[in-house]
file query.cif (mmCIF, C-alpha atoms)
data_run
loop_
_atom_site.group_PDB
_atom_site.id
_atom_site.type_symbol
_atom_site.label_atom_id
_atom_site.label_comp_id
_atom_site.auth_asym_id
_atom_site.auth_seq_id
_atom_site.Cartn_x
_atom_site.Cartn_y
_atom_site.Cartn_z
ATOM 1 C CA MET A 22 0.000 0.000 0.000
ATOM 2 C CA VAL A 23 1.626 3.249 -1.136
ATOM 3 C CA SER A 24 0.461 6.829 -0.685
ATOM 4 C CA GLN A 25 1.962 10.184 0.196
ATOM 5 C CA ASP A 26 1.185 9.580 3.888
ATOM 6 C CA THR A 27 -0.312 6.135 4.409
ATOM 7 C CA SER A 28 -0.694 6.685 8.162
ATOM 8 C CA ALA A 29 -3.137 9.532 7.477
ATOM 9 C CA TYR A 30 -5.545 7.352 5.474
ATOM 10 C CA GLY A 31 -9.069 8.564 6.214
ATOM 11 C CA VAL A 32 -8.155 11.793 8.028
ATOM 12 C CA ASP A 33 -9.549 13.916 5.201
ATOM 13 C CA ILE A 34 -12.986 12.292 5.504
ATOM 14 C CA ARG A 35 -12.903 11.992 9.294
ATOM 15 C CA TYR A 36 -12.542 8.192 9.250
ATOM 16 C CA ARG A 37 -16.116 7.728 8.078
ATOM 17 C CA THR A 38 -17.467 4.238 7.639
ATOM 18 C CA ASP A 39 -17.963 3.124 4.057
ATOM 19 C CA PHE A 40 -18.763 -0.227 2.508
ATOM 20 C CA TRP A 41 -16.491 -2.739 0.787
ATOM 21 C CA ASN A 42 -17.848 -6.026 -0.569
ATOM 22 C CA GLY A 43 -21.137 -5.295 1.184
ATOM 23 C CA ARG A 44 -19.674 -4.911 4.661
ATOM 24 C CA PRO A 45 -18.970 -1.753 6.668
ATOM 25 C CA LEU A 46 -15.331 -0.685 6.793
ATOM 26 C CA LYS A 47 -13.951 2.322 8.642
ATOM 27 C CA THR A 48 -11.621 4.462 6.490
ATOM 28 C CA HIS A 49 -8.623 4.050 8.799
ATOM 29 C CA LEU A 50 -5.156 2.558 8.272
ATOM 30 C CA THR A 51 -5.717 -0.336 10.675
ATOM 31 C CA SER A 52 -9.104 -1.285 9.195
ATOM 32 C CA LEU A 53 -7.773 -1.108 5.648
ATOM 33 C CA ALA A 54 -4.664 -3.151 6.480
ATOM 34 C CA ALA A 55 -6.777 -5.803 8.240
ATOM 35 C CA ALA A 56 -9.189 -6.047 5.278
ATOM 36 C CA LEU A 57 -6.331 -6.316 2.774
ATOM 37 C CA GLY A 58 -4.714 -8.947 4.999
ATOM 38 C CA GLU A 59 -7.782 -11.149 4.542
ATOM 39 C CA LEU A 60 -7.212 -11.311 0.773
ATOM 40 C CA GLY A 61 -4.362 -13.793 1.132
ATOM 41 C CA VAL A 62 -1.822 -11.544 -0.598
ATOM 42 C CA TRP A 63 1.293 -9.807 0.704
ATOM 43 C CA VAL A 64 0.428 -6.461 2.246
ATOM 44 C CA ARG A 65 3.377 -4.111 2.646
ATOM 45 C CA LEU A 66 2.946 -0.571 3.990
ATOM 46 C CA HIS A 67 4.930 2.277 2.471
ATOM 47 C CA TYR A 68 5.343 5.894 3.592
ATOM 48 C CA VAL A 69 4.165 5.193 7.129
ATOM 49 C CA TYR A 70 4.761 8.136 9.445
ATOM 50 C CA PRO A 71 4.925 7.508 13.216
ATOM 51 C CA TYR A 72 1.361 8.443 14.182
ATOM 52 C CA PRO A 73 0.330 6.874 17.532
ATOM 53 C CA HIS A 74 -2.248 4.572 15.883
ATOM 54 C CA VAL A 75 0.432 2.924 13.721
ATOM 55 C CA ASP A 76 1.179 0.697 16.741
ATOM 56 C CA GLU A 77 -2.179 -0.985 16.035
ATOM 57 C CA VAL A 78 -0.681 -2.492 12.869
ATOM 58 C CA VAL A 79 1.883 -4.542 14.842
ATOM 59 C CA PRO A 80 -0.640 -7.247 15.881
ATOM 60 C CA LEU A 81 -1.620 -7.607 12.208
ATOM 61 C CA MET A 82 2.061 -8.251 11.488
ATOM 62 C CA ALA A 83 2.227 -10.842 14.265
ATOM 63 C CA GLU A 84 -0.824 -12.591 12.769
ATOM 64 C CA GLY A 85 0.793 -12.646 9.314
ATOM 65 C CA LYS A 86 -1.872 -10.386 7.766
ATOM 66 C CA VAL A 87 0.627 -7.599 7.038
ATOM 67 C CA LEU A 88 4.306 -8.075 6.245
ATOM 68 C CA PRO A 89 6.558 -7.217 9.210
ATOM 69 C CA TYR A 90 8.055 -4.251 7.387
ATOM 70 C CA LEU A 91 7.340 -0.531 7.523
ATOM 71 C CA ASP A 92 8.699 1.885 4.979
ATOM 72 C CA VAL A 93 9.243 5.015 7.101
ATOM 73 C CA PRO A 94 10.322 8.256 5.401
ATOM 74 C CA LEU A 95 13.310 9.874 7.069
ATOM 75 C CA GLN A 96 14.769 13.337 6.717
ATOM 76 C CA HIS A 97 18.232 14.426 7.782
ATOM 77 C CA ALA A 98 18.849 16.644 10.765
ATOM 78 C CA SER A 99 22.369 17.351 9.524
ATOM 79 C CA PRO A 100 22.606 20.874 8.040
ATOM 80 C CA ARG A 101 25.382 19.679 5.690
ATOM 81 C CA ALA A 102 23.240 16.814 4.383
ATOM 82 C CA GLN A 103 20.217 19.088 4.009
ATOM 83 C CA GLY A 104 22.359 21.510 2.002
ATOM 84 C CA HIS A 105 23.429 18.718 -0.337
ATOM 85 C CA GLU A 106 19.798 17.621 -0.721
ATOM 86 C CA ALA A 107 18.670 21.158 -1.543
ATOM 87 C CA ALA A 108 21.431 21.426 -4.132
ATOM 88 C CA GLY A 109 20.477 18.060 -5.639
ATOM 89 C CA GLN A 110 23.812 16.544 -4.544
ATOM 90 C CA HIS A 111 22.341 13.874 -2.289
ATOM 91 C CA ARG A 112 23.959 10.858 -3.939
ATOM 92 C CA GLY A 113 25.318 8.655 -1.155
ATOM 93 C CA TYR A 114 23.030 10.139 1.467
ATOM 94 C CA LEU A 115 19.698 8.892 2.638
ATOM 95 C CA GLY A 116 17.890 11.881 1.159
ATOM 96 C CA ALA A 117 14.856 13.869 2.190
ATOM 97 C CA ASN A 118 11.770 11.692 1.918
ATOM 98 C CA SER A 119 13.912 8.602 1.327
ATOM 99 C CA PRO A 120 12.822 5.526 3.243
ATOM 100 C CA LEU A 121 15.158 3.907 5.739
ATOM 101 C CA ALA A 122 14.493 0.200 5.548
ATOM 102 C CA GLY A 123 14.560 -1.596 8.876
ATOM 103 C CA HIS A 124 16.535 -4.540 7.516
ATOM 104 C CA LEU A 125 20.123 -3.373 7.941
ATOM 105 C CA SER A 126 21.617 -6.812 8.642
ATOM 106 C CA GLY A 127 22.268 -6.761 12.348
ATOM 107 C CA SER A 128 23.119 -3.101 12.799
ATOM 108 C CA ASP A 129 21.226 -0.417 14.612
ATOM 109 C CA PRO A 130 19.617 1.828 11.934
ATOM 110 C CA ALA A 131 20.656 5.013 13.752
ATOM 111 C CA GLN A 132 24.281 3.844 13.919
ATOM 112 C CA HIS A 133 24.187 2.831 10.246
ATOM 113 C CA LEU A 134 22.862 6.253 9.233
ATOM 114 C CA HIS A 135 25.454 8.053 11.393
ATOM 115 C CA ARG A 136 28.317 5.999 9.889
ATOM 116 C CA ARG A 137 27.109 6.616 6.351
ATOM 117 C CA VAL A 138 26.737 10.386 6.800
ATOM 118 C CA SER A 139 30.035 10.620 8.707
ATOM 119 C CA ARG A 140 31.936 8.865 5.906
ATOM 120 C CA ARG A 141 30.507 11.276 3.334
ATOM 121 C CA ASP A 142 31.269 14.341 5.480
ATOM 122 C CA ARG A 143 34.956 13.361 5.658
ATOM 123 C CA GLY A 144 35.342 13.374 1.902
#
call {"tool": "encode", "arguments": {"input": "query.cif", "output": "structure tokens"}}
result
Amino acid sequence: MVSQDTSAYGVDIRYRTDFWNGRPLKTHLTSLAAALGELGVWVRLHYVYPYPHVDEVVPLMAEGKVLPYLDVPLQHASPRAQGHEAAGQHRGYLGANSPLAGHLSGSDPAQHLHRRVSRRDRG
């Protein structure tokens, strides 16, 4: 599932209840993910921002209804990296609005990001 801000699904229509396949379904990330999980296909969530209700998706992951993966957009706090991004010179950086995948083979994502930015800043 991909959108500009998947976590905000339904905010614009105040999470109203609609109907899908003849049954009521609340327009909310958790309800949508649960319904898609019943289709027997892989459900992977992209552009998920850390809204408090995103925690409700974790049980769906544990049940196997949603893949245990969240694509979370990340922006740099480093002024140097932000300057490179603004100038379009972000090659080698995790750029603005670039997802940081949680599968970094045994390393802490924050440490991985720090090492990667530090290496680029030296050169």
call {"tool": "atom_distance", "arguments": {"input": "query.cif", "atom1": "CA of Val93 in chain A", "atom2": "CA of Leu46 in chain A"}}
result
25.2 Å
call {"tool": "residues_around", "arguments": {"input": "query.cif", "residues": "Leu88 in chain A", "least_positions_apart": "5", "cutoff": "8 Å", "atoms": "all atoms listed in the file", "output": "list in words"}}
result
Trp63, Val64, Arg65, Leu66 and Met82 of chain A
call {"tool": "resolve_selection", "arguments": {"input": "query.cif", "expression": "the PyMOL selection byres ((chain A and resi 50-59) around 10)", "output": "JSON, numbers by chain"}}
result
{"A": [22, 27, 28, 29, 30, 31, 32, 36, 41, 46, 47, 48, 49, 60, 61, 62, 63, 64, 65, 66, 69, 74, 75, 76, 77, 78, 79, 80, 81, 82, 84, 85, 86, 87, 88]}
call {"tool": "atom_distance", "arguments": {"input": "query.cif", "atom1": "CA of Pro45 in chain A", "atom2": "CA of Ser24 in chain A"}}
result
22.5 Å
